[in-house]
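Worksheet: the structure to be examined is printed underneath.
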Amino acid sequence: MTLLSTISIPRALGAAVVFFLSRTVITKAISIYSTVRAFNKSVTPYAGILWLHPFRSVALVSGPWFPSRSHIGSFYKTFAPYKNRGSTAVASVLFRNSIPTIWLADPQGIQTVAGEAVLFQKDIDAYGALNFYGQNLIGVEGSDWRRHRKVAKSAFNETGNAFVWAETIRAVNEWFAHLDAAQVHEKQPIIVDAAKDLLQLALIVISSAGFGRRASWTQNASTVAPPGHLMAFGPAVFAAVDHLHTKVLTPGWLYTLSERFDIPVVGRVVRDTVYAYEALQRHIMELVSLSRAWVVEGKVASMDAGLLRNLVEANMALQDDEDAPKGSPNAFKSLTEDELLSNSFAFLLAGHETTAHSLSFAVGFLALHPEAQRKIYEEALLLWPDGTPTSASTSSYKECMPKLPYTTAVFHETIRLFPAVVRLSKLVHADATIPAQRFTTNASGKVDLDSIRDTTVHVKTGSMVMLDIFALHQNPICWGPDATEFKPERFIDTESYRWPRDAFVAFSAGPRNCIGQRFALTESVCFLASLVRTYEISVPATLRGKSFEEQKRVMLDWTPGVTMVPNNCVVSLTRR
Ligand code: HEM
């Protein structure tokens with residue numbers, strides 16, 4: 001009798017599976033163990049395994065539930081893991097590929113990493129899904145990024161900011177008219193879902209100031225598509241944004257499958273997504289040609305296409321260097337048609353949800369903090385004694401922006417506590433050192449300021465560094481023991497106090513910082529001052545009588561998404 005005939009085939013297969021699984025588990029355990037052993041725990045205490053890549057869609061989708069709030073990698077953990085381990089840098093290991101990942105909530109550490117664009121590069125694989133029509137500024141690195149940034153930089157200028165101001169005033173007044181029309185009695189409070197209305201408002205502003213297409217509150221899906229188009233511009237923008245998550249999360253093969261077969265429900269969603277993006281693409285292509293014609297005809301003074309016209313103009317001014325050797329970085333400087341299209345779309349995406357969600361949290365904070373609201377009101381009253389301006393001709397950007405310092409502080413304080421982008425990942429391209437701090441906590445669990453000492457973290461090529469914006473913004477060493485509280489005054493310099501610039505990175509830092517930050521600030525300050533000048537904001541009747549903590553918990557609740565998404569930012573507005 002041969003050996004083979006005594007062992008049945010199922011048993012042999014079972015043994016092979018057990019052997020294969022055991023080998024996989026042991027290999028993985030050894031590689032994770034070696035990574036953890038290599039950490040210098042006196043500098044970067046070990047904080048645990050990261051079961052999900054903190055920057056991929058799976059982490060975003062499961063964000064509210066996994067990992068749990070106290071665990072490293074959770075979107076809600078803030079400064080706690082750093083405080084518990086007495087360090088502004090903690091180490092973890094990524095399960096999938098066992099690479100070391102250093103989490104940073106240190107101002108100097110984050111400034112160093114963000115400032116060294118060659119040593120620490122953006123993890124662009126995580127942004128691949130945003131390269132919709134071609135490459136864009138958000139999803140490229142190295143010389144490609146410099147090429148995109150050079151052209152894009154010219155698109156964001158002070159003339160453009162004045163245009164953003166003007167378009168915000170127009171959009172805000174339209175919104176007020178829309179709210180008043182829905183009101184039965186004057187002075188009766190209006191209940192507003194801030195997150196919903198502000199997404200629409202921010203889209204209107206970016207459509208106009210970015211693309212020169214005036215969308216409005218009254219323009220809805222029934223608007224007729226112009227000849228050669230699938231939808232009118234406004235509805236195309238709204239549809240593309242509505243289908244953004246499907247667009248980002250749907251794998252390529254599902255698109256192909258949906259084209260060939262009629263898959264129930266999923267097929268329709270995918271087809272609607274393709275249709276919306278095709279509709280928007282036609283508009284942007286047309287706007288790019290229009291902008292080019294304007295520039296060629298010399299209508300340079302026209303502001304009517306804002307960002308896009310500036311982008312096209314800057315791109316035309318950058319001549320491709322035909323004499324440069326093929327393949328050299330100078331061989332092709334200007335952006336291709338697809339890249340122009342992709343960048344326009346990137347501005348639209350990066351520029352509307354971030355601003356809308358930040359403003360929703362600001363409105364929530366103002367409802368919870370009447371004293372901050374009163375200070376904005378006093379500032380706006382002084383500037384606009386006759387009421388909110390209805391046009392930028394009576395209230396210009398240049399004249400008004402510098403006169404709204406408290407409103408600006410409210411916006412900064414909001415995005416300190418609710419930074420739209422919670423964390424940023426960087427890949428280490430050469431061995432490097434990063435500054436950090438170690439400290440101890442006292443009996444009441446507070447950081448002992450006398451115990452703080454500077455230290456240096458060594459990171460190796462191939463590791464990952466996570467810039468923990470949310471945690472840095474609540475680091476008590478930088479922001480004080482009341483770091484978790486809403487206090488706009490902390491953003492106002494006095495003779496004896498200068499607010500800690502290095503510890504505020506809501507717009508990131510270094511050469512790769514947010515190119516649209518002035519755009520966002522202009523729109524936000526104009527919006528907040530106009531809103532408070534016109535309405536008194538308060539918590540909705542359903543929350544009155546509840547404790548402040550409970551009101552705060554409900555109104556400022558959020559879920560991780562592409563940005564921080566407010567869940568219940570409903571407020572009551574009463575005309576002043
Ligand atoms: C409150 C509003 C905003 C916040 C909090 C914000 C935040 C950020 C952050 C943190 C980054 C760095 C992202 C990274 O490195 O992966 C970034 C980059 C960027 N932002 Fe913003 N942003 C805001 C508004 C805007 C607006 C209004 C625009 C355009 C109209 C815009 C366009 C961009 C672009 C194009 C980049 C990529 C820059 C580059 O990689 O060179 N953002 N933003």
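All residue names refer to the structure tokens as shown: chains lettered A, B, ... in order, residues numbered from 1 in each chain, ligands numbered from 1 in order.
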Self-check item: Arg56 in chain A environment, 10 Å, only C-alpha atoms, sequence neighbours closer than 6 positions dropped, as a VMD selection string
Solution: chain A and resid 125 to 127
Based on DSSP run over this structure's backbone, return all residues of range 152-274 of chain A in strand (DSSP E or B), as an mmCIF file with C-alpha atoms, in the first residue's frame.
data_model
loop_
_atom_site.group_PDB
_atom_site.id
_atom_site.type_symbol
_atom_site.label_atom_id
_atom_site.label_comp_id
_atom_site.auth_asym_id
_atom_site.auth_seq_id
_atom_site.Cartn_x
_atom_site.Cartn_y
_atom_site.Cartn_z
ATOM 1 C CA ILE A 190 -36.352 80.003 10.675
ATOM 2 C CA ILE A 191 -34.918 76.518 11.173
ATOM 3 C CA VAL A 192 -31.922 75.948 8.917
ATOM 4 C CA ASP A 193 -29.871 72.839 8.239
#
Practice problem: Give as a PyMOL selection string the residues surrounding ligand 1 up to a distance of 8 Å, considering only C-alpha atoms and all ligand atoms. | Solution: chain A and resi 122+137-140+145+148-149+152+206+210+307+343+346-359+415+419-425+505-509+511-521+524
Go ahead and save the picked residues with N, CA and C atoms, as a compact mmCIF listing (two decimals), in the first residue's frame.
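To be explicit, this is the file written out as result.txt:
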# COMPACT_ATOMS: atom_id res chain seq x y z
N LYS A 122 4.22 63.42 -0.49
CA LYS A 122 2.81 63.07 -0.32
C LYS A 122 2.59 61.62 -0.76
N LEU A 137 -3.04 69.04 -9.52
CA LEU A 137 -2.18 69.48 -8.42
C LEU A 137 -2.27 68.61 -7.17
N ILE A 138 -3.48 68.16 -6.85
CA ILE A 138 -3.68 67.42 -5.60
C ILE A 138 -3.00 66.04 -5.65
N GLY A 139 -2.97 65.41 -6.84
CA GLY A 139 -2.54 64.02 -6.91
C GLY A 139 -1.17 63.79 -7.53
N VAL A 140 -0.31 64.81 -7.61
CA VAL A 140 1.02 64.60 -8.21
C VAL A 140 2.12 64.97 -7.22
N TRP A 145 4.52 68.00 -9.71
CA TRP A 145 3.79 68.88 -8.80
C TRP A 145 4.25 70.33 -8.98
N HIS A 148 2.58 71.85 -12.00
CA HIS A 148 1.17 72.18 -11.76
C HIS A 148 1.07 73.40 -10.84
N ARG A 149 1.88 73.40 -9.78
CA ARG A 149 1.76 74.44 -8.76
C ARG A 149 2.12 75.80 -9.36
N ALA A 152 -0.82 76.96 -11.32
CA ALA A 152 -1.98 77.21 -10.45
C ALA A 152 -1.79 78.43 -9.55
N ILE A 206 -18.02 79.01 -5.65
CA ILE A 206 -16.91 78.48 -6.44
C ILE A 206 -17.29 78.39 -7.93
N GLY A 210 -14.90 80.74 -9.45
CA GLY A 210 -13.94 79.82 -10.05
C GLY A 210 -14.10 79.71 -11.54
N LEU A 307 -10.82 82.00 -11.31
CA LEU A 307 -9.73 81.02 -11.25
C LEU A 307 -9.41 80.38 -12.60
N ASN A 343 -7.40 70.06 -13.17
CA ASN A 343 -7.15 71.05 -12.13
C ASN A 343 -8.38 71.88 -11.83
N ALA A 346 -10.36 69.88 -9.66
CA ALA A 346 -9.74 69.78 -8.33
C ALA A 346 -10.08 71.03 -7.49
N PHE A 347 -10.05 72.20 -8.12
CA PHE A 347 -10.38 73.43 -7.39
C PHE A 347 -11.84 73.37 -6.89
N LEU A 348 -12.67 72.88 -7.80
CA LEU A 348 -14.09 72.79 -7.47
C LEU A 348 -14.30 71.88 -6.26
N LEU A 349 -13.63 70.74 -6.30
CA LEU A 349 -13.77 69.76 -5.21
C LEU A 349 -13.14 70.25 -3.92
N ALA A 350 -11.85 70.66 -4.03
CA ALA A 350 -11.10 71.05 -2.83
C ALA A 350 -11.70 72.31 -2.23
N GLY A 351 -12.37 73.10 -3.06
CA GLY A 351 -12.78 74.42 -2.62
C GLY A 351 -14.18 74.52 -2.06
N HIS A 352 -15.01 73.50 -2.25
CA HIS A 352 -16.38 73.74 -1.79
C HIS A 352 -16.75 73.00 -0.51
N GLU A 353 -16.40 71.70 -0.42
CA GLU A 353 -16.83 70.95 0.77
C GLU A 353 -16.06 71.39 2.01
N THR A 354 -14.74 71.61 1.84
CA THR A 354 -13.92 72.07 2.96
C THR A 354 -14.51 73.35 3.56
N THR A 355 -14.79 74.32 2.69
CA THR A 355 -15.29 75.61 3.17
C THR A 355 -16.69 75.46 3.76
N ALA A 356 -17.56 74.72 3.05
CA ALA A 356 -18.95 74.59 3.51
C ALA A 356 -19.01 73.92 4.88
N HIS A 357 -18.25 72.84 5.06
CA HIS A 357 -18.30 72.14 6.34
C HIS A 357 -17.68 72.98 7.46
N SER A 358 -16.59 73.69 7.15
CA SER A 358 -15.99 74.55 8.18
C SER A 358 -16.99 75.62 8.61
N LEU A 359 -17.69 76.19 7.63
CA LEU A 359 -18.67 77.24 7.97
C LEU A 359 -19.85 76.68 8.77
N ILE A 415 -11.73 76.24 12.59
CA ILE A 415 -10.97 75.20 11.87
C ILE A 415 -9.77 74.69 12.69
N PRO A 419 -10.68 70.91 11.94
CA PRO A 419 -9.94 71.08 10.68
C PRO A 419 -10.54 70.15 9.63
N ALA A 420 -10.99 70.71 8.50
CA ALA A 420 -11.67 69.89 7.48
C ALA A 420 -10.83 68.68 7.12
N VAL A 421 -9.50 68.87 7.01
CA VAL A 421 -8.60 67.76 6.73
C VAL A 421 -7.96 67.36 8.06
N VAL A 422 -8.28 66.17 8.54
CA VAL A 422 -7.91 65.77 9.90
C VAL A 422 -6.44 65.37 10.01
N ARG A 423 -5.92 64.73 8.96
CA ARG A 423 -4.55 64.21 9.00
C ARG A 423 -3.99 64.16 7.58
N LEU A 424 -2.67 64.17 7.48
CA LEU A 424 -2.02 64.07 6.17
C LEU A 424 -0.91 63.04 6.26
N SER A 425 -0.78 62.18 5.26
CA SER A 425 0.29 61.18 5.34
C SER A 425 1.42 61.55 4.39
N VAL A 505 -2.23 74.32 11.56
CA VAL A 505 -1.94 73.79 10.21
C VAL A 505 -3.21 73.30 9.51
N ALA A 506 -4.33 74.00 9.75
CA ALA A 506 -5.58 73.60 9.09
C ALA A 506 -5.43 73.64 7.57
N PHE A 507 -4.56 74.54 7.09
CA PHE A 507 -4.33 74.62 5.64
C PHE A 507 -3.00 73.95 5.29
N SER A 508 -2.53 73.04 6.12
CA SER A 508 -1.24 72.39 6.01
C SER A 508 -0.13 73.45 6.14
N ALA A 509 1.10 73.12 5.76
CA ALA A 509 2.20 74.07 5.92
C ALA A 509 3.24 73.79 4.85
N PRO A 511 5.74 74.26 1.42
CA PRO A 511 5.45 74.61 0.02
C PRO A 511 4.16 73.98 -0.49
N ARG A 512 3.72 72.90 0.15
CA ARG A 512 2.54 72.20 -0.35
C ARG A 512 1.29 72.59 0.45
N ASN A 513 1.29 73.81 0.98
CA ASN A 513 0.12 74.22 1.76
C ASN A 513 -1.07 74.48 0.84
N CYS A 514 -2.22 74.78 1.45
CA CYS A 514 -3.45 74.96 0.66
C CYS A 514 -3.33 76.21 -0.21
N ILE A 515 -3.45 76.00 -1.50
CA ILE A 515 -3.30 77.12 -2.44
C ILE A 515 -4.55 78.02 -2.40
N GLY A 516 -5.66 77.47 -1.87
CA GLY A 516 -6.91 78.23 -1.88
C GLY A 516 -7.25 78.84 -0.53
N GLN A 517 -6.24 78.94 0.38
CA GLN A 517 -6.61 79.38 1.74
C GLN A 517 -7.14 80.81 1.80
N ARG A 518 -6.63 81.69 0.97
CA ARG A 518 -7.13 83.07 0.99
C ARG A 518 -8.55 83.12 0.40
N PHE A 519 -8.77 82.28 -0.60
CA PHE A 519 -10.10 82.15 -1.20
C PHE A 519 -11.08 81.75 -0.10
N ALA A 520 -10.71 80.69 0.67
CA ALA A 520 -11.60 80.16 1.71
C ALA A 520 -11.83 81.20 2.81
N LEU A 521 -10.76 81.90 3.20
CA LEU A 521 -10.87 82.86 4.28
C LEU A 521 -11.77 84.04 3.87
N SER A 524 -15.36 82.92 3.80
CA SER A 524 -15.87 82.59 5.13
C SER A 524 -16.11 83.83 5.97
Exercise. Excluding range 384-392 of chain A and residues on its chain fewer than 5 positions from it, collect all residues at most 10 Å away from it, counting only C-alpha atoms, and give them as number ranges by chain.
Key: A: 162-163, 165-174, 377-379, 397, 400, 529-534, 576
Residue subset to file, keeping N, CA and C atoms, as an mmCIF file, in the first residue's frame:
data_model
loop_
_atom_site.group_PDB
_atom_site.id
_atom_site.type_symbol
_atom_site.label_atom_id
_atom_site.label_comp_id
_atom_site.auth_asym_id
_atom_site.auth_seq_id
_atom_site.Cartn_x
_atom_site.Cartn_y
_atom_site.Cartn_z
ATOM 1 N N ALA A 162 -10.984 89.500 -4.530
ATOM 2 C CA ALA A 162 -12.007 90.557 -4.557
ATOM 3 C C ALA A 162 -13.273 90.018 -5.236
ATOM 4 N N PHE A 163 -13.049 89.192 -6.244
ATOM 5 C CA PHE A 163 -14.169 88.586 -6.962
ATOM 6 C C PHE A 163 -14.913 87.593 -6.052
ATOM 7 N N TRP A 165 -15.107 87.763 -2.819
ATOM 8 C CA TRP A 165 -15.850 88.615 -1.873
ATOM 9 C C TRP A 165 -17.188 89.049 -2.507
ATOM 10 N N ALA A 166 -17.085 89.563 -3.742
ATOM 11 C CA ALA A 166 -18.282 90.072 -4.429
ATOM 12 C C ALA A 166 -19.298 88.950 -4.645
ATOM 13 N N GLU A 167 -18.824 87.801 -5.062
ATOM 14 C CA GLU A 167 -19.745 86.698 -5.338
ATOM 15 C C GLU A 167 -20.344 86.137 -4.054
ATOM 16 N N THR A 168 -19.595 86.215 -2.938
ATOM 17 C CA THR A 168 -20.152 85.736 -1.660
ATOM 18 C C THR A 168 -21.294 86.670 -1.240
ATOM 19 N N ILE A 169 -21.077 87.973 -1.402
ATOM 20 C CA ILE A 169 -22.150 88.921 -1.035
ATOM 21 C C ILE A 169 -23.407 88.624 -1.866
ATOM 22 N N ARG A 170 -23.202 88.378 -3.167
ATOM 23 C CA ARG A 170 -24.362 88.087 -4.032
ATOM 24 C C ARG A 170 -25.066 86.802 -3.571
ATOM 25 N N ALA A 171 -24.277 85.734 -3.332
ATOM 26 C CA ALA A 171 -24.872 84.440 -2.964
ATOM 27 C C ALA A 171 -25.572 84.518 -1.604
ATOM 28 N N VAL A 172 -24.940 85.228 -0.660
ATOM 29 C CA VAL A 172 -25.512 85.342 0.686
ATOM 30 C C VAL A 172 -26.857 86.086 0.633
ATOM 31 N N ASN A 173 -26.905 87.162 -0.146
ATOM 32 C CA ASN A 173 -28.161 87.912 -0.253
ATOM 33 C C ASN A 173 -29.262 87.074 -0.899
ATOM 34 N N GLU A 174 -28.877 86.261 -1.886
ATOM 35 C CA GLU A 174 -29.865 85.364 -2.500
ATOM 36 C C GLU A 174 -30.372 84.358 -1.475
ATOM 37 N N TYR A 377 -21.169 90.706 15.702
ATOM 38 C CA TYR A 377 -22.233 91.663 15.374
ATOM 39 C C TYR A 377 -21.728 93.101 15.528
ATOM 40 N N GLU A 378 -21.020 93.351 16.634
ATOM 41 C CA GLU A 378 -20.507 94.722 16.877
ATOM 42 C C GLU A 378 -19.538 95.132 15.761
ATOM 43 N N GLU A 379 -18.700 94.189 15.356
ATOM 44 C CA GLU A 379 -17.724 94.471 14.290
ATOM 45 C C GLU A 379 -18.445 94.777 12.967
ATOM 46 N N TYR A 397 -13.822 94.209 -0.854
ATOM 47 C CA TYR A 397 -12.918 93.265 -0.181
ATOM 48 C C TYR A 397 -11.788 94.005 0.504
ATOM 49 N N CYS A 400 -13.054 96.066 3.518
ATOM 50 C CA CYS A 400 -13.733 95.386 4.637
ATOM 51 C C CYS A 400 -12.920 94.299 5.324
ATOM 52 N N ALA A 529 -19.783 87.420 8.741
ATOM 53 C CA ALA A 529 -20.141 88.798 9.124
ATOM 54 C C ALA A 529 -21.535 89.140 8.584
ATOM 55 N N SER A 530 -21.814 88.749 7.339
ATOM 56 C CA SER A 530 -23.130 89.061 6.751
ATOM 57 C C SER A 530 -24.243 88.333 7.497
ATOM 58 N N LEU A 531 -24.006 87.061 7.838
ATOM 59 C CA LEU A 531 -25.048 86.276 8.506
ATOM 60 C C LEU A 531 -25.379 86.880 9.869
ATOM 61 N N VAL A 532 -24.326 87.171 10.646
ATOM 62 C CA VAL A 532 -24.572 87.673 12.006
ATOM 63 C C VAL A 532 -25.136 89.097 11.976
ATOM 64 N N ARG A 533 -24.751 89.884 10.962
ATOM 65 C CA ARG A 533 -25.300 91.246 10.844
ATOM 66 C C ARG A 533 -26.808 91.185 10.587
ATOM 67 N N THR A 534 -27.258 90.119 9.912
ATOM 68 C CA THR A 534 -28.658 90.045 9.482
ATOM 69 C C THR A 534 -29.538 89.217 10.420
ATOM 70 N N ARG A 576 -32.718 90.243 12.655
ATOM 71 C CA ARG A 576 -32.475 91.304 13.641
ATOM 72 C C ARG A 576 -33.349 92.507 13.325
#
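Here CA of Leu254 in chain A and CA of Arg271 in chain A stand 10.4 Å from one another.
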Which residues come within 12 Å of Lys150 in chain A, counting only C-alpha atoms, excluding same-chain residues fewer than 4 positions away, as a PDB file with C-alpha atoms, in the first residue's frame?
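Wrote out-v4.pdb, looks like this:
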ATOM      1  CA  LEU A 137      -2.177  69.481  -8.424  1.00  0.00           C
ATOM      2  CA  SER A 143       8.721  67.888 -10.698  1.00  0.00           C
ATOM      3  CA  ASP A 144       5.176  67.242 -11.922  1.00  0.00           C
ATOM      4  CA  TRP A 145       3.791  68.883  -8.797  1.00  0.00           C
ATOM      5  CA  ARG A 146       6.098  71.922  -9.293  1.00  0.00           C
ATOM      6  CA  SER A 154      -0.964  82.526 -10.708  1.00  0.00           C
ATOM      7  CA  ALA A 155      -4.648  81.641 -10.690  1.00  0.00           C
ATOM      8  CA  PHE A 156      -5.018  82.573  -7.009  1.00  0.00           C
ATOM      9  CA  LEU A 311      -5.255  79.340 -14.915  1.00  0.00           C
ATOM     10  CA  ALA A 314      -0.938  81.543 -16.813  1.00  0.00           C
ATOM     11  CA  ASN A 315      -0.650  78.294 -18.753  1.00  0.00           C
ATOM     12  CA  ALA A 317       2.158  82.474 -20.752  1.00  0.00           C
ATOM     13  CA  LEU A 318       4.383  79.475 -19.886  1.00  0.00           C
ATOM     14  CA  LYS A 333       6.241  73.017 -18.790  1.00  0.00           C
ATOM     15  CA  SER A 334       2.696  73.977 -19.562  1.00  0.00           C
ATOM     16  CA  LEU A 335      -0.349  71.918 -18.604  1.00  0.00           C
ATOM     17  CA  PRO A 511       5.450  74.610   0.017  1.00  0.00           C
ATOM     18  CA  ARG A 512       2.540  72.204  -0.347  1.00  0.00           C
ATOM     19  CA  ILE A 515      -3.304  77.115  -2.438  1.00  0.00           C
TER      20      ILE A 515
END
Exercise. Report the distance between CA of His458 in chain A and CA of Arg501 in chain A in Å, rounded to one decimal place.
Key: 24.9 Å
Self-check item: Shell around range 484-495 of chain A at 12 Å using only C-alpha atoms, local window under 3 positions removed, as a PyMOL selection string
Solution: chain A and resi 78-80+361-362+364-366+368-373+375-376+404-418+470-476+478-481+498-501+503-504+549+552+556
Quiz item: Which value, in Å to one decimal, gives the distance between CA of Ile537 in chain A and CA of Ser572 in chain A?
Solution: 5.8 Å
Quiz item: range 327-476 of chain A: which residues are helix (DSSP H, G or I) by DSSP, as a PyMOL selection string?
Solution: chain A and resi 337-368+370-383+397-403+405-417+449-451+469-472+476
Practice problem: May I have the residues within 10 Å of Leu257 in chain A as a list of chain:residue names, using only C-alpha atoms and disregarding those fewer than 6 positions away in the same chain? | Solution: A:Ile263, A:Gly267, A:Val270
Export of prior selection with C-alpha atoms as a PDB file, in the first residue's frame:
ATOM      1  CA  ILE A 263     -27.016  45.441 -12.864  1.00  0.00           C
ATOM      2  CA  GLY A 267     -25.834  49.895 -12.434  1.00  0.00           C
ATOM      3  CA  VAL A 270     -22.834  54.110 -11.739  1.00  0.00           C
TER       4      VAL A 270
END
Quiz prompt | range 435-450 of chain A environment, 10 Å, only C-alpha atoms, sequence neighbours closer than 3 positions dropped, as a ChimeraX atom specification | solution = /A:42-45,82-90,104-113,453-458,475-477,480-481
Practice problem: Find, counting only C-alpha atoms, the residue in A:Val18, A:Cys526, A:Ala129, A:Val562 that gets nearest to Lys398 in chain A. | Solution: A:Cys526
